[in-house]
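Student: start.txt is the file, holding compact mmCIF, C-alpha atoms:
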```
# COMPACT_ATOMS: atom_id res chain seq x y z
CA MET A 1 0.00 0.00 0.00
CA GLY A 2 3.02 2.26 0.12
CA SER A 3 4.27 4.59 2.79
CA LYS A 4 1.72 5.79 5.31
CA TYR A 5 3.13 9.32 5.02
CA ILE A 6 2.05 9.47 1.38
CA TRP A 7 -1.50 8.60 2.45
CA ILE A 8 -1.42 11.19 5.24
CA CYS A 9 -0.28 13.88 2.79
CA ALA A 10 -2.96 12.79 0.31
CA SER A 11 -5.63 13.05 3.04
CA ILE A 12 -4.50 16.54 3.96
CA ALA A 13 -4.49 17.61 0.31
CA TYR A 14 -7.96 16.09 -0.12
CA GLY A 15 -9.22 18.02 2.91
CA ILE A 16 -7.82 21.36 1.78
CA LEU A 17 -9.04 20.97 -1.79
CA SER A 18 -12.51 19.82 -0.73
CA GLY A 19 -12.79 22.63 1.80
CA LEU A 20 -11.81 25.17 -0.85
CA ILE A 21 -14.33 23.81 -3.34
CA TYR A 22 -17.08 23.85 -0.71
CA ALA A 23 -16.25 27.42 0.35
CA LEU A 24 -16.21 28.63 -3.26
CA ILE A 25 -19.56 26.99 -4.02
CA ALA A 26 -21.06 28.52 -0.84
CA ARG A 27 -19.72 31.95 -1.81
CA HIS A 28 -21.12 31.56 -5.32
CA ARG A 29 -24.55 30.69 -3.88
CA ARG A 30 -24.22 33.73 -1.58
CA TYR A 31 -24.56 31.91 1.74
CA LYS A 32 -24.05 34.11 4.79
CA GLY A 33 -20.82 33.82 6.73
CA SER A 34 -17.13 34.34 6.29
CA PHE A 35 -15.37 32.63 3.39
CA TRP A 36 -12.23 31.96 5.45
CA ARG A 37 -14.13 30.55 8.43
CA ARG A 38 -16.11 28.22 6.18
CA PHE A 39 -12.92 27.19 4.36
CA ILE A 40 -11.02 26.39 7.57
CA VAL A 41 -13.88 24.53 9.27
CA TRP A 42 -14.73 22.39 6.26
CA SER A 43 -11.08 21.73 5.43
CA VAL A 44 -10.62 20.33 8.93
CA ILE A 45 -13.78 18.22 8.63
CA TYR A 46 -12.78 16.80 5.23
CA THR A 47 -9.20 16.19 6.39
CA VAL A 48 -10.35 14.24 9.44
CA ALA A 49 -12.74 12.22 7.26
CA GLY A 50 -9.94 11.52 4.77
CA LEU A 51 -7.58 10.43 7.56
CA ALA A 52 -10.25 8.12 8.98
CA ILE A 53 -10.86 6.53 5.59
CA CYS A 54 -7.12 6.06 5.04
CA ARG A 55 -6.75 4.53 8.50
CA VAL A 56 -9.45 1.98 7.72
CA LEU A 57 -7.91 1.22 4.32
CA TRP A 58 -4.46 0.93 5.89
CA HIS A 59 -5.81 -1.56 8.43
CA PHE A 60 -7.43 -3.81 5.84
CA LEU A 61 -4.88 -3.54 3.02
CA SER A 62 -1.54 -3.56 4.85
CA ASP A 63 0.51 -6.72 4.91
```
Would you kindly transcribe this structure into structure tokens?
Tutor:
Amino acid sequence: MGSKYIWICASIAYGILSGLIYALIARHRRYKGSFWRRFIVWSVIYTVAGLAICRVLWHFLSD
């Protein structure tokens, strides 16, 4: 499955990118609230979800 650090970096990148996309869509739809607050909160949520998924995959697919 490769190095676990690659998967950790991929989870962090997934969280940041997903948080950015969510914040941009919310800004486009003119939802109330700060762009940066929404970006940070949702980036953390998506990063934690990505890390949890990678942890489960690492458990089942590691040798």
Student: Which is closest to A:Ala49 among A:Trp36, A:Arg27, A:Ser11, A:Leu20, if we use all atoms listed in the file?
Tutor: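 The answer is A:Ser11, which sits nearest to A:Ala49.
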Student: Can you tell me how far atom CA of A:Thr47 sits from atom CA of A:Ile16, in Å to one decimal?
Tutor: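 A separation of 7.1 Å between them.
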Student: Residues within 12 Å of (-5.2, 1.9, 8.8), file coordinates, counting all atoms listed in the file: what are they? Give the list as a list in words.
Tutor: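 Checking each residue against the 12 Å limit leaves Met1, Gly2, Ser3, Lys4, Tyr5, Trp7, Ile8, Gly50, Leu51, Ala52, Ile53, Cys54, Arg55, Val56, Leu57, Trp58, His59, Phe60, Leu61, Ser62 and Asp63 of chain A.
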Student: Separation of atom CA of A:Arg38 and atom CA of A:Ala23, in Å?
Tutor: 5.9 Å
Student: Return the single residue from A:Leu24, A:Ile40, A:Gly33, A:Tyr46 that is closest to A:Ile12, with distances computed using all atoms listed in the file.
Tutor: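 For A:Ile12, the nearest of the candidates is A:Tyr46.
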Student: In Å, how far is it from atom CA of A:Val44 to atom CA of A:Ile25?
Tutor: 17.1 Å
Student: Return the single residue from A:Ser43, A:Ile6, A:Phe35, A:Val48 that is closest to A:Ser18, with distances computed using only C-alpha atoms.
Tutor: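 Of A:Ser43, A:Ile6, A:Phe35, A:Val48, the one nearest A:Ser18, counting only C-alpha atoms, is A:Ser43.
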